[in-house]
Amino acid sequence: MPQSLDYLKETASQTAGPYVHIGLIPKQAGFDIFENNFTNQLVGPKTRGEKIRIEGKVYDGTGTPLRDVLVEVWQANSEGRYNHPADTQAKKLDPDFRGWGRAGSDFKTGTYEFHTIKPGPVPGRGGKTMAPHVSFWIVARGINIGLQTRMYFSDEEEANAKDPVLNLIEQEKRRQTLIARREEKGGEVVYHFDIHIQGEQETVFLDV
Amino acid sequence: MDRQSEASLRGVTPTLLSNAPNEWKGELFHRDRSIHPPGYTPGYKTSVTRSPTKALLSLQNSLSEVTGPIFNHNELGPLDNDLIRNYAKTGDPIGQRIIVHGRVLDESGRGVPNTLLEFWQANAGGRYRHKNDTYTAPIDPNFGGCGRTLTDENGFYHFRTIKPGPYPWRNYANDWRPAHIHFSLFGASFGQRLITQMYFEGDPLIATCPIVATIPDKDAIDRLIAAYDARATVPIDTRAYKFDFVLRGRRSTLFENKLEGN
């Protein structure tokens, strides 16, 4: 027998269940307990960059929106720098932008939304540049392990065409499942991003 | 803007950035999916229409996965880790007083410092304080059922609560969840994000629970069961359970393996 490597095993995932709101967004569960709450509002008045709203639904295999889903997003700032020590780029940090938020979908309609800014491009592997994108993490009753995916922007066609992750998706038409549709209404910029867990339009999920 | 809506915006303090330990920077070990439940587990019926049918796209890490939100002590309140007191209105909640304590480690056995743990649970009767929970057991007016804490510099954490009760749920006609506490963990990167449930040593419902049974590996299930820890009790006051978490590990830079260079 060789020496043991002594690595530990990761703790197994379990579903977030139907009452995930209690722990992560208690106001939506129906009560007020913490002084500080984590929300779907990623921007303040001083945050730099183009203010946008991301909106969508998460659909199950029957085409029904999940009304009890919890979505988290993580993204770089408007210049393309993450607010984290592993990102050592020379680009400026924004003191008014952490780049993270969470939202529960509406209990009646299943719509989720985030108020944020459009991120800048960030470096990928091998000297390539990744198109602007937002990382998503999706949990709910019936989802055994958090689903990870990315949202890209429809008005970044040129950058998307060169994006190393989108290009890893073999079937070109499936790349479209990661691209949010831009719409401007009443001065507000909205990106529509629906996620399909199953079906014809099944979203590409990532094993990161 | 009130303080509450600011909470999601706050950035990392400069001190934290300059003193960041190296283990916050490396690529993550690839996730070993054999110890996790697959998406599709027909014994847990809701998963049938909520599981992807196509293969996941495996990625080598980029900055987007090795970075993630970092939280500060000043974002949490002094009672956030005390579920016995953080919603008490007219007195203490009803039920068995327990401490849950342990450590958040990575796969290399290193403590994960300053990472956020959030937890939620039913009350002693098995009822959740949630709009959508209609179980007949009563709400406890003095129990909210959620809390949060940050690990210390060595990855240790603790909180105080009431032992949750089991409750029935609609799956098969007579399914009961074993007593459990839900946990959400961040690690130091979005790729380590994990949600799980902790069970209690000796609970006969663990063996028959369809949600527990989604995990294909017996040892992985055992690792979700907290041990009764007599030495950590507060005598004549509160019993204790010990529970450690393991998040994905990170590669060391033995040779040059910068993300940009591969």
# chains A, B, ... in the order shown; residues from 1 in each chain; ligands from 1
$ interface_residues --of "chain A" --to "chain B" --cutoff "6 Å" --atoms "only C-alpha atoms" --output "number ranges by chain"
A: 7-14, 23, 29-30, 36-39, 42, 60-61, 84-86, 95, 97-98, 101, 124-127, 142-144, 197-198, 205-208
$ write_last_selection --atoms "C-alpha atoms" --output "CSV table (one decimal), in the first residue's frame"
chain,number,residue,atom,x,y,z
A,7,TYR,CA,-7.6,14.5,1.1
A,8,LEU,CA,-11.0,15.0,2.6
A,9,LYS,CA,-14.2,14.5,0.6
A,10,GLU,CA,-16.5,17.5,-0.2
A,11,THR,CA,-19.7,17.6,1.9
A,12,ALA,CA,-22.6,16.2,-0.2
A,13,SER,CA,-25.2,18.7,-1.5
A,14,GLN,CA,-28.9,18.5,-0.5
A,23,GLY,CA,-32.6,31.3,5.7
A,29,ALA,CA,-40.8,34.0,3.9
A,30,GLY,CA,-42.9,36.5,5.7
A,36,ASN,CA,-29.0,43.7,7.3
A,37,ASN,CA,-30.6,41.7,4.6
A,38,PHE,CA,-29.0,40.4,1.4
A,39,THR,CA,-31.0,41.4,-1.6
A,42,LEU,CA,-26.5,45.2,-6.4
A,60,ASP,CA,-39.3,23.1,-15.2
A,61,GLY,CA,-39.7,20.3,-17.7
A,84,HIS,CA,-12.0,39.5,-4.7
A,85,PRO,CA,-8.3,39.0,-3.8
A,86,ALA,CA,-7.8,36.4,-6.6
A,95,PRO,CA,-16.1,50.6,-3.6
A,97,PHE,CA,-20.1,47.4,-6.0
A,98,ARG,CA,-19.6,43.9,-4.5
A,101,GLY,CA,-26.9,39.4,-5.0
A,124,GLY,CA,-10.2,34.0,-19.5
A,125,ARG,CA,-7.6,31.3,-19.9
A,126,GLY,CA,-4.8,31.2,-22.4
A,127,GLY,CA,-4.7,35.0,-22.9
A,142,GLY,CA,-36.4,19.4,-6.4
A,143,ILE,CA,-32.9,20.7,-7.4
A,144,ASN,CA,-30.4,18.3,-5.6
A,197,ILE,CA,-34.1,23.2,-16.8
A,198,GLN,CA,-35.4,20.8,-19.4
A,205,PHE,CA,-25.5,24.2,-17.3
A,206,LEU,CA,-21.9,24.2,-16.2
A,207,ASP,CA,-19.8,21.9,-14.2
A,208,VAL,CA,-17.3,24.5,-13.0
$ select_by_dssp --residues "chain A" --states "helix (DSSP H, G or I)" --output "list in words"
Val20, His21, Ile22, Gly23, Leu24, Pro26, Lys27, Gln28, Ala29, Arg125, Gly126, Gly127, Glu157, Glu158, Ala159, Asn160, Ala161, Lys162, Leu166, Asn167, Leu168, Glu172, Lys173, Arg174, Arg175, Gln176, Thr177 and Leu178 of chain A
$ residues_around --residues "Gln75 of chain A" --least-positions-apart "4" --cutoff "8 Å" --atoms "only C-alpha atoms" --output "ChimeraX atom specification"
/A:82,99-100,119,133-135 /B:64
$ write_last_selection --atoms "C-alpha atoms" --output "PDB file, in the first residue's frame"
ATOM      1  CA  TYR A  82     -14.000  41.105  -9.604  1.00  0.00           C
ATOM      2  CA  GLY A  99     -20.966  42.173  -7.528  1.00  0.00           C
ATOM      3  CA  TRP A 100     -23.185  39.685  -5.730  1.00  0.00           C
ATOM      4  CA  PRO A 119     -20.042  44.102 -16.256  1.00  0.00           C
ATOM      5  CA  HIS A 133     -21.156  37.818 -18.379  1.00  0.00           C
ATOM      6  CA  VAL A 134     -22.869  37.178 -15.071  1.00  0.00           C
ATOM      7  CA  SER A 135     -22.481  33.860 -13.208  1.00  0.00           C
TER       8      SER A 135
ATOM      9  CA  SER B  64     -15.306  33.943 -12.726  1.00  0.00           C
TER      10      SER B  64
END
$ closest_residue --among "A:Ile25, A:Ile195, A:Ile54, A:Ile117" --to "Asp94 of chain A" --atoms "only C-alpha atoms"
A:Ile117
$ residues_around --residues "Ile99 of chain B" --least-positions-apart "3" --cutoff "12 Å" --atoms "only C-alpha atoms" --output "ChimeraX atom specification"
/B:81-84,96,102,157-163,226-235,237-243
$ write_last_selection --atoms "C-alpha atoms" --output "CSV table (one decimal), in the first residue's frame"
chain,number,residue,atom,x,y,z
B,81,ASN,CA,-25.9,33.2,15.5
B,82,ASP,CA,-28.3,32.7,18.4
B,83,LEU,CA,-31.6,31.3,17.3
B,84,ILE,CA,-32.8,31.0,20.9
B,96,GLN,CA,-34.4,21.3,23.3
B,102,GLY,CA,-17.6,22.6,14.1
B,157,TYR,CA,-18.0,28.3,13.8
B,158,HIS,CA,-20.7,27.8,16.4
B,159,PHE,CA,-24.3,28.8,17.0
B,160,ARG,CA,-27.1,28.1,19.4
B,161,THR,CA,-30.6,26.9,18.6
B,162,ILE,CA,-33.5,24.6,19.4
B,163,LYS,CA,-33.4,21.1,18.1
B,226,ALA,CA,-23.9,15.4,13.3
B,227,ALA,CA,-22.4,13.6,16.4
B,228,TYR,CA,-23.7,14.3,19.9
B,229,ASP,CA,-20.8,16.0,21.6
B,230,ALA,CA,-21.1,15.7,25.3
B,231,ARG,CA,-17.8,17.6,25.9
B,232,ALA,CA,-19.1,20.7,24.2
B,233,THR,CA,-22.4,20.9,26.2
B,234,VAL,CA,-23.0,23.6,28.7
B,235,PRO,CA,-23.8,21.6,31.9
B,237,ASP,CA,-28.2,24.2,30.2
B,238,THR,CA,-27.5,23.2,26.6
B,239,ARG,CA,-26.5,20.0,24.8
B,240,ALA,CA,-24.1,20.1,21.8
B,241,TYR,CA,-23.7,18.6,18.3
B,242,LYS,CA,-20.5,18.7,16.3
B,243,PHE,CA,-20.6,19.1,12.5
$ residues_around --residues "segment 164-181 of chain A" --least-positions-apart "5" --cutoff "6 Å" --atoms "only C-alpha atoms" --output "compact mmCIF listing (two decimals) with C-alpha atoms, in the first residue's frame"
# COMPACT_ATOMS: atom_id res chain seq x y z
CA MET A 151 -25.68 34.92 -18.67
CA TYR A 152 -24.21 36.80 -21.64
CA PHE A 153 -25.54 39.99 -23.32
CA SER A 154 -27.29 40.15 -26.70
CA TYR A 191 -32.14 42.05 -20.03
CA HIS A 192 -34.52 39.12 -20.27
CA PHE A 193 -32.98 35.85 -19.22
CA THR A 203 -30.19 25.92 -20.75
$ select_by_dssp --residues "segment 26-216 of chain B" --states "strand (DSSP E or B)" --output "PyMOL selection string"
chain B and resi 28+57-58+82+97-106+111+116-120+146-150+156-162+167-169+175-177+180-185+194-200
$ atom_distance --atom1 "atom CA of Ile181 of chain B" --atom2 "atom CA of Phe200 of chain B"
9.1 Å
$ residues_around --residues "Pro178 of chain B" --least-positions-apart "5" --cutoff "8 Å" --atoms "only C-alpha atoms" --output "MDAnalysis selection string"
chainID B and resid 165:167 199 203:206 209
$ write_last_selection --atoms "C-alpha atoms" --output "PDB file, in the first residue's frame"
ATOM      1  CA  GLY B 165     -38.625  18.455  14.931  1.00  0.00           C
ATOM      2  CA  PRO B 166     -39.393  16.013  12.104  1.00  0.00           C
ATOM      3  CA  TYR B 167     -42.345  16.816   9.846  1.00  0.00           C
ATOM      4  CA  TYR B 199     -28.999  15.442  10.373  1.00  0.00           C
ATOM      5  CA  ASP B 203     -32.601   9.620  14.156  1.00  0.00           C
ATOM      6  CA  PRO B 204     -34.447   6.571  12.713  1.00  0.00           C
ATOM      7  CA  LEU B 205     -36.012   8.689   9.950  1.00  0.00           C
ATOM      8  CA  ILE B 206     -32.653   9.206   8.224  1.00  0.00           C
ATOM      9  CA  CYS B 209     -35.856   9.643   3.853  1.00  0.00           C
TER      10      CYS B 209
END
$ atom_distance --atom1 "atom CA of Lys57 of chain A" --atom2 "atom CA of Asp194 of chain A"
4.9 Å
$ atom_distance --atom1 "atom CA of Pro93 of chain B" --atom2 "atom CA of Trp176 of chain B"
23.0 Å
